[in-house]
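Chemist: Dumping the structure here so I can ask a few things about it.
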Amino acid sequence: MATRLAFIGLGIMGTPMAEHLVRAGFDVTGYNRSPAKTRRLVEAGGRAANSIEEAVADADIVCVMVPDSPDVREVLAGTGGVFDTARPGTLVIDFSSIRPDVSNELWHQAKAKGFRLLDAPVSGGQAGAVNATLSIMVGGEVADVEAAQPVLQAVGKTIAHVGPPGSGQTVKAANQLIVAGHLELLAEAIVFLEAYGVDTRKAMTVLGGGLAGSAVLNQKSEAMLTRSFQPGFRVELHHKDLGIVTSAAREAGVVIPLGALVAQLMASLKAQGNADDDHSALLKLLERLNGRRS
C-alpha cells in the first residue's frame with residue numbers, strides 16, 4: 001500500500017513538488033486555500049481535499065509549503081490545523097521558508113503533541129521544483145530525517161541535514177542573503193556593461209566561465225538581459241526572507257552591512273509596485289537609480 005501523504009500549499013513551488021511525489025508512488029492528497037489550485041494535482045493522479053482536516057486524516061506524512069511564518073503557524077498549530085486533526089506520530093515536513101525561532105517553537109509544540117516535525121526549506125525556485133533538483137536544508141532529529149528521505153529525494157537533488165530543529169531555516173536565511181547579493185551585483189554589472197555598449201550576452205558567457213560565475217548568473221542573467229521578469233521567485237517573498245535574515249542577525253549580534261543594504265533595495269522594489277515580479281527585477285530598481293527605464 002502506498003504511503004499516504006498530505007500536501008498543504010499548492011502554489012508555484014508546491015504544485016510541481018506534489019506532482020513529483022505522485023510520480024514517486026505516494027498516495028497524495030492536496031489542500032490549498034484556493035481550491036482551484038488543486039486541479040493540476042488531481043490531473044497528475046492525486047486527490048483534492050476541502051480542508052486541512054480532510055487532507056491529513058489518514059496521512060502518514062504531511063508536507064507544508066506556504067509563504068510565511070504566520071501561515072505555517074495557522075496550518076500547523078491553528079484551530080483545525082495539523083496538530084489538531086492529524087494522527088499523533090505523523091511525520092510533518094515543513095518546506096516553507098520561515099523564521100528560525102518560529103520553526104523551533106513549532107517543533108516544541110509538535111513534540112508535546114506527539115508529532116515529528118522537520119524544517120526543510122528549499123532553494124532552486126520554480127525551475128528547481130519543476131525539475132526536482134531543489135537543494136533542501138533540513139533541521140530536526142536524525143531518525144526523522146532518515147524517515148523523510150524518500151520524500152526529500154523525490155523533490156530534491158542536494159539534501160543535507162544541517163543540524164537540530166530550526167537549523168534548516170537558519171541555513172535558508174543565509175542562502176537568501178547570498179542570492180540577493182548576487183542578484184544585486186549581477187544587475188549592477190549588466191547596467192555597467194550596457195553603458196559601454198559591449199555584447200552583454202557574450203560578456204555573461206565569459207563571466208560565467210570564470211571566478212565570477214554562479215548559479216545566479218547562469219539562471220538569472222538571461223531574464224535580466226531580456227527584461228523578462230515572470231516570477232520564478234517573487235520579490236515579495238525575497239523581501240520577506242531578507243527580513244528574516246536581518247532580524248536573525250540582529251538577535252545574534254552579527255553585523256551584515258551588505259545584506260542590510262540589499263534588504264533595503266528589495267524593500268524599495270516592492271514598494272514601487274514590483275512585488276509580484278521575479279527577484280531578478282532588482283535590475284529595474286538599479287535602472288531607475290541610474291535615470292533609466294526598461
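Here's how to read the names in the C-alpha cells: chain A, B, ... by the order shown, residue numbers from 1 in each chain, ligand numbers from 1 in the order shown.
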Could the residues of segment 35-125 of chain A that have an atom at most 7 Å from segment 157-180 of chain A be listed as a tab-separated table, each with its closest atom pair and the distance in Å to one decimal, counting only C-alpha atoms and ordered by chain and ascending residue number?
Modeler:
```
residue	atom	partner	partner_atom	distance
A:Ser97	CA	A:Gln169	CA	6.4
A:Ile98	CA	A:Gln169	CA	6.4
A:Arg99	CA	A:Gln169	CA	6.6
A:Pro100	CA	A:Gly166	CA	4.9
A:Asp101	CA	A:Gly166	CA	6.8
A:Ser103	CA	A:Gly166	CA	5.3
A:Asn104	CA	A:Gly166	CA	4.9
A:Trp107	CA	A:Pro165	CA	6.7
A:Leu118	CA	A:Pro165	CA	6.8
A:Asp119	CA	A:Gly168	CA	5.7
A:Ala120	CA	A:Gly168	CA	5.7
A:Pro121	CA	A:Gly168	CA	6.3
```
Chemist: Just C-alpha atoms for this one: save the residues we selected as an mmCIF file, in the first residue's frame.
Modeler:
```
data_model
loop_
_atom_site.group_PDB
_atom_site.id
_atom_site.type_symbol
_atom_site.label_atom_id
_atom_site.label_comp_id
_atom_site.auth_asym_id
_atom_site.auth_seq_id
_atom_site.Cartn_x
_atom_site.Cartn_y
_atom_site.Cartn_z
ATOM 1 C CA SER A 97 10.890 29.417 4.470
ATOM 2 C CA ILE A 98 10.114 30.976 7.853
ATOM 3 C CA ARG A 99 11.810 32.471 10.896
ATOM 4 C CA PRO A 100 14.151 30.026 12.678
ATOM 5 C CA ASP A 101 12.714 30.918 16.083
ATOM 6 C CA SER A 103 10.296 26.877 13.432
ATOM 7 C CA ASN A 104 11.931 25.922 16.730
ATOM 8 C CA TRP A 107 8.958 21.871 16.846
ATOM 9 C CA LEU A 118 11.286 18.734 10.300
ATOM 10 C CA ASP A 119 12.099 22.186 8.936
ATOM 11 C CA ALA A 120 13.202 21.563 5.359
ATOM 12 C CA PRO A 121 13.249 24.826 3.376
#
```
Chemist: Find the residues around Arg293 of chain A up to 12 Å (only C-alpha atoms counted), leave out those fewer than 6 positions away in its own chain, and share them as a VMD selection string.
Modeler: chain A and resid 191 227 283 to 287
Chemist: Pick out the closest residue to Val64 of chain A from this set: A:Ser135, A:Ser228, A:Asn32, A:Ser96. Count only C-alpha atoms.
Modeler: A:Ser96
Chemist: Please report, as a ChimeraX atom specification, each residue of segment 96-268 of chain A to which DSSP assigns strand (DSSP E or B) when run on this structure's backbone.
Modeler: /A:116-119,122-123,134-139,156-163,234
Chemist: Which of these, A:Ser123, A:Thr3, A:Gln230, A:Thr38, has the shortest distance to Ala18 of chain A once you count only C-alpha atoms?
Modeler: A:Thr38
Chemist: Name the residues in contact with segment 265-281 of chain A at a cut-off of 6 Å, using only C-alpha atoms, excluding same-chain residues fewer than 3 positions from it; report them as a list in words.
Modeler: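 So the residues in contact are Phe229, Gln230, Pro231, Gly232, Phe233, Arg234, Val235, Glu236, His239, Val262 and Lys284 of chain A.
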Chemist: Go ahead and dump the residues you just picked, C-alpha atoms, as a compact mmCIF listing (two decimals), in the first residue's frame.
Modeler:
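Done, and the output landed in part-v4.txt:
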```txt
# COMPACT_ATOMS: atom_id res chain seq x y z
CA PHE A 229 10.55 39.12 -15.02
CA GLN A 230 7.87 36.44 -14.87
CA PRO A 231 8.16 35.10 -11.33
CA GLY A 232 10.19 32.06 -10.53
CA PHE A 233 10.65 33.56 -7.07
CA ARG A 234 8.71 36.72 -6.31
CA VAL A 235 10.17 39.96 -4.97
CA GLU A 236 7.62 39.88 -2.16
CA HIS A 239 11.70 40.74 0.74
CA VAL A 262 20.27 44.77 -0.36
CA LYS A 284 14.61 47.59 -12.73
```
Chemist: Of the candidates A:Ile93, A:Leu282, A:Ala147, A:Val130, which shows the shortest atom-to-atom distance to Ala6 of chain A, using only C-alpha atoms?
Modeler: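 Ranked by minimum distance to Ala6 of chain A, first place goes to A:Ile93.
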